[in-house]
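Written below as structure tokens is the structure these notes are about.
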Amino acid sequence: MPDKMIELAKAAALVPDGASVSFGGFTTQRHPMAFVYELIRLGRRNLYLFGHSPGGDWDILIGAGCVKRVELAYKADEAFNTAGPRWRRAVERGEIEWKDYSNFSMVSRFTAGAMGIPFIPIRSLLGSDLVNKQALTAEQRATDPRTSPKKLHVMDSPFNPADRVVLVPAIHTEFAILHVQKSTVNGTIRIEGQTFGDVQQALCADTVIVTAEEIVEEAHLRQEPERNPLPYFVVNHVCHVPYGAHPYAVFNYYDYDPRQLKTYHDSARNDEDFHHYLEEFVYGVKDFAGYLDTVGGATRLDSLKAAPTFGYRPDLKRRRLD
Amino acid sequence: MTTQNYTLTELMTVASAHEIKDGDVVFAGTGLPMLGVMLAQQTHAPNCIIIFEAGTVDSQLAHLPMSVGDPRNMRDAATAAGLNEVFSYMLQAGRVDVGFLSGAQVDRFGNINSTSIGFDPRHPQVRFSGSGGACDIACLAQRTIIIARHEKRRFPEKVDYITSPGWLNGGDSRQKSGLVRGGPTVVVTTKGVMRFRADTKTMYLASCHPGLTPQEVADDTGFPLDIDEATETPVPTLAELHILRQVVDPERVFLK
């Protein structure tokens with residue numbers, strides 16, 4: 001079996017300007033943040049992102065000017081803030097193109113792509129403005145072949161005309177980037193806790209890049225193959241990146257970092273402070289090790305380590321941090 | 001005259017928890033619903049089954065989650081997988097009794113907006129988070145509980161964007177849209193508890209929180225609110241307040 005290990009910076013450099021990408025994780029957990037910071041340092045532009053409920057991975061990429069178009073259901077760090085601050089401003093200023101769906105419809109679209117079928121029927125969305133309204137113009141839909149010419153299609157079942165469904169189009173991306181707990185050098189992976197949409201996202205991408213907290217032996221993961229969600233041959237590259245989702249959580253490894261999230265959300269409220277955030281935590285550091293030092297190094301990271309019986313940090317303060 | 005020893009947020013949370021029956025399968029959205037469902041599980045509904053869309057089923061919450069994808073939702077859960085598994089096999093298949101949602105705007109038919117303010121969503125005055133799973137939950141749960149802070153601007157005649165369908169235009173319009181089940185049964189706010197007329201599906205005031213008059217609630221609502229049958233919302237018990245403050249949200253994540 002091939003050794004797929006690659007340095008993080010080299011892996012990020014595989015993603016060109018204008019690429020279509022989906023990132024694993026869900027709002028406050030398991031986003032490949034170290035990879036995202038590399039993309040920003042590389043100055044990537046015009047990315048086309050697909051997701052269900054992204055978090056700060058998308059927000060900081062949008063704020064850094066890396067993103068042209070997105071298809072999504074939700075953009076916020078949930079109870080840590082009410083909407084991604086850079087996303088919100090980009091929409092309000094008309095600086096980004098977007099297409100709104102729901103989480104079920106987006107994960108169904110990834111599933112259709114993963115299954116190799118052109119669309120999939122669901123019973124959701126009927127009566128909502130997700131069906132009735134469009135945020136992309138006809139011209140915007142027509143000029144990029146990766147955008148489905150129709151957002152969705154409402155139809156009555158051919159087997160029972162009284163049964164109405166919504167067909168949603170399959171997603172196919174050039175890249176899927178996942179951050180997981182364990183991987184082997186060959187790309188057999190182990191996701192602990194919620195899997196979110198990671199499996200479907202990987203299976204509808206041309207190239208799958210995995211960043212992992214730990215690199216473990218192939219034989220070890222093959223003792224319980226039912227817990228390995230993807231066959232290793234669909235994974236193209238593997239990077240070893242401990243704390244690679246910071247400031248977001250990784251079940252069984254570390255919790256989210258409420259202080260860093262607050263610093264981000266406070267900074268991202270206006271352009272100048274956001275620019276300073278990028279200078280301090282992204283452009284001003286050489287690599288992810290430099291980032292981890294800047295956010296507080298071992299002292300901060302140890303304070304986030306998961307308690308074994310919980311998989312998170314039960315005494316972690318989320319509010320009133322001063 | 002008694003001194004009020006609870007906040008309206010606490011009263012709203014307790015009243016929303018009362019809408020959950022023991023044994024209900026509850027699909028909870030982010031924010032205030034997490035508070036309400038955790039309180040229900042810790043009080044009168046220990047056998048309610050909490051599903052979060054990020055992939056967990058039957059979490060036994062020991063700490064209030066900040067997110068439906070929080071590692072806290074893994075605590076003693078029965079199963080954990082991903083979005084596809086819970087949306088397809090639980091929600092779409094009809095196995096969810098209660099959808100529990102909040103939203104930025106709610107109209108007289110219980111349609112919810114969590115997308116944007118302004119008529120044209122391409123050029124919104126304010127952009128919110130978007131649907132997440134809210135639209136799916138509102139479409140596919142057997143019934144929906146809505147929780148929201150009560151302000152006139154949050155309760156307009158029509159929402160600017162129907163993110164999550166309620167009774168649409170009232171009457172049988174929801175059924176005619178092709179939705180196979182569900183619809184909102186109650187809206188619990190910081191001022192009262194609203195329900196929906198069986199025929200027209202318009203919202204009416206079922207109970208008004210102590211210290212407020214039904215007319216005050218109607219005055220803070222952006223559409224005509226029928227208040228003729230309004231009773232008074234029961235006050236929270238000391239036991240409920242204790243559990244809410246000490247067990248559910250000791251950090252005051254949502255409680256002020």
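Naming works like this for the structure tokens: A, B, ... for the chains as they're shown, residue 1 at the start of each chain, ligands 1 onward in shown order.
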
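These are the residues of stretch 42-96 of chain B assigned strand (DSSP E or B) by DSSP from backbone coordinates: Ile49, Ile50, Ile51, Phe52, Thr56, Val57, Thr79, Ala80 and Gly82 of chain B.
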
Since we have the selection now, will you write its residues out, keeping C-alpha atoms, as a PDB file, in the first residue's frame?
ATOM      1  CA  ILE B  49     -35.268  11.316  23.203  1.00  0.00           C
ATOM      2  CA  ILE B  50     -33.103  14.225  22.078  1.00  0.00           C
ATOM      3  CA  ILE B  51     -31.881  14.173  18.494  1.00  0.00           C
ATOM      4  CA  PHE B  52     -29.391  16.728  17.191  1.00  0.00           C
ATOM      5  CA  THR B  56     -26.540  12.067  17.767  1.00  0.00           C
ATOM      6  CA  VAL B  57     -29.636  10.241  19.050  1.00  0.00           C
ATOM      7  CA  THR B  79     -26.272   6.140  18.536  1.00  0.00           C
ATOM      8  CA  ALA B  80     -24.001   8.580  16.758  1.00  0.00           C
ATOM      9  CA  GLY B  82     -23.958  11.914  10.654  1.00  0.00           C
TER      10      GLY B  82
END

Close residues, A:Ser108 itself excluded, 12 Å, only C-alpha atoms, min 5 positions apart in chain, as a VMD selection string: (chain A and resid 51 to 52 73 101 to 103 113 to 115 117 to 124 166 to 171 197 200 to 201 204) or (chain B and resid 82 to 88 92 136)

For the residues in that selection, give me C-alpha atoms as a short mmCIF file (atom, residue, chain, number, x, y, z; two decimals), in the first residue's frame.
data_model
loop_
_atom_site.label_atom_id
_atom_site.label_comp_id
_atom_site.auth_asym_id
_atom_site.auth_seq_id
_atom_site.Cartn_x
_atom_site.Cartn_y
_atom_site.Cartn_z
CA GLY A 51 -21.03 22.86 2.71
CA HIS A 52 -23.95 22.27 5.05
CA ALA A 73 -27.34 25.87 4.58
CA TYR A 101 -30.28 25.30 0.88
CA SER A 102 -31.07 23.45 4.14
CA ASN A 103 -28.80 21.00 5.94
CA GLY A 113 -22.69 12.86 -5.63
CA ALA A 114 -21.17 10.13 -3.49
CA MET A 115 -23.57 7.58 -5.00
CA ILE A 117 -26.47 9.66 -9.33
CA PRO A 118 -27.50 13.06 -10.75
CA PHE A 119 -30.08 14.07 -8.10
CA ILE A 120 -31.99 12.72 -5.14
CA PRO A 121 -35.61 13.20 -3.98
CA ILE A 122 -36.42 14.57 -0.53
CA ARG A 123 -39.68 15.55 1.19
CA SER A 124 -38.30 18.73 2.74
CA VAL A 166 -38.16 17.90 -4.31
CA LEU A 167 -35.26 16.76 -6.46
CA VAL A 168 -31.94 18.30 -5.41
CA PRO A 169 -28.88 18.17 -7.68
CA ALA A 170 -25.78 16.11 -6.87
CA ILE A 171 -22.57 17.85 -5.79
CA GLY A 197 -21.30 14.94 6.29
CA GLN A 200 -20.40 11.79 1.68
CA GLN A 201 -18.24 14.88 1.07
CA CYS A 204 -18.07 13.09 -4.12
CA GLY B 82 -23.96 11.91 10.65
CA LEU B 83 -26.53 14.30 9.24
CA ASN B 84 -27.76 11.92 6.56
CA GLU B 85 -28.63 9.20 9.07
CA VAL B 86 -30.72 11.40 11.37
CA PHE B 87 -32.35 13.52 8.66
CA SER B 88 -33.25 10.56 6.43
CA GLN B 92 -37.95 12.33 6.95
CA ASP B 136 -36.18 20.38 7.36
#

Selection: 6 Å around stretch 76-78 of chain B, only C-alpha atoms, excl. self and same-chain fewer than 6 positions, as a PyMOL selection string: chain B and resi 57-60

Residues of chain A within 6 Å of chain B: nearest atom pair and distance (Å, one decimal) for each, counting only C-alpha atoms, sorted by chain and number, as JSON lines?
{"residue": "A:Phe26", "atom": "CA", "partner": "B:Gly69", "partner_atom": "CA", "distance": 6.0}
{"residue": "A:Ala73", "atom": "CA", "partner": "B:Gly132", "partner_atom": "CA", "distance": 4.8}
{"residue": "A:Tyr74", "atom": "CA", "partner": "B:Gly132", "partner_atom": "CA", "distance": 4.5}
{"residue": "A:Lys75", "atom": "CA", "partner": "B:Ser129", "partner_atom": "CA", "distance": 4.9}
{"residue": "A:Ala76", "atom": "CA", "partner": "B:Ser129", "partner_atom": "CA", "distance": 5.7}
{"residue": "A:Glu78", "atom": "CA", "partner": "B:Ser67", "partner_atom": "CA", "distance": 5.5}
{"residue": "A:Ala79", "atom": "CA", "partner": "B:Met66", "partner_atom": "CA", "distance": 5.1}
{"residue": "A:Ala83", "atom": "CA", "partner": "B:Ser129", "partner_atom": "CA", "distance": 4.7}
{"residue": "A:Arg88", "atom": "CA", "partner": "B:Arg127", "partner_atom": "CA", "distance": 5.5}
{"residue": "A:Glu92", "atom": "CA", "partner": "B:Pro124", "partner_atom": "CA", "distance": 6.0}
{"residue": "A:Ser102", "atom": "CA", "partner": "B:Gly132", "partner_atom": "CA", "distance": 5.3}
{"residue": "A:Asn103", "atom": "CA", "partner": "B:Gly133", "partner_atom": "CA", "distance": 4.8}
{"residue": "A:Ser124", "atom": "CA", "partner": "B:Asp136", "partner_atom": "CA", "distance": 5.3}
{"residue": "A:Gly127", "atom": "CA", "partner": "B:Ser177", "partner_atom": "CA", "distance": 5.6}
{"residue": "A:Ser128", "atom": "CA", "partner": "B:Ile162", "partner_atom": "CA", "distance": 5.2}
{"residue": "A:Asp129", "atom": "CA", "partner": "B:Ile162", "partner_atom": "CA", "distance": 5.0}
{"residue": "A:Ala135", "atom": "CA", "partner": "B:Arg122", "partner_atom": "CA", "distance": 5.1}
{"residue": "A:Arg164", "atom": "CA", "partner": "B:Gly178", "partner_atom": "CA", "distance": 5.5}
{"residue": "A:Gln194", "atom": "CA", "partner": "B:Ala81", "partner_atom": "CA", "distance": 5.2}
{"residue": "A:Thr195", "atom": "CA", "partner": "B:Gly82", "partner_atom": "CA", "distance": 4.6}
{"residue": "A:Phe196", "atom": "CA", "partner": "B:Gly82", "partner_atom": "CA", "distance": 4.0}
{"residue": "A:Gly197", "atom": "CA", "partner": "B:Gly82", "partner_atom": "CA", "distance": 5.9}
{"residue": "A:Phe251", "atom": "CA", "partner": "B:Pro71", "partner_atom": "CA", "distance": 5.5}

Stretch 205-219 of chain A surroundings by only C-alpha atoms, 7 Å radius, close-in-sequence under 3 positions cut, as a VMD selection string: chain A and resid 32 172 to 185 201 to 202 222 to 223 234 to 244

Non-local contacts of B:Val193 (12 Å; only C-alpha atoms; under 2 positions in same chain excluded) as a PyMOL selection string: chain B and resi 11-16+18-19+145-150+185-191+195-196+203-210+214+217-218+225+227+229-234

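Across the structure, atom CA of B:Val98 and atom CA of B:Gln142 are spaced 6.0 Å apart.
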
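Shortest separation to B:Phe109 among B:Lys21, B:Pro224, B:Gly192, B:Tyr89 occurs at residue B:Pro224, atoms counted being only C-alpha atoms.
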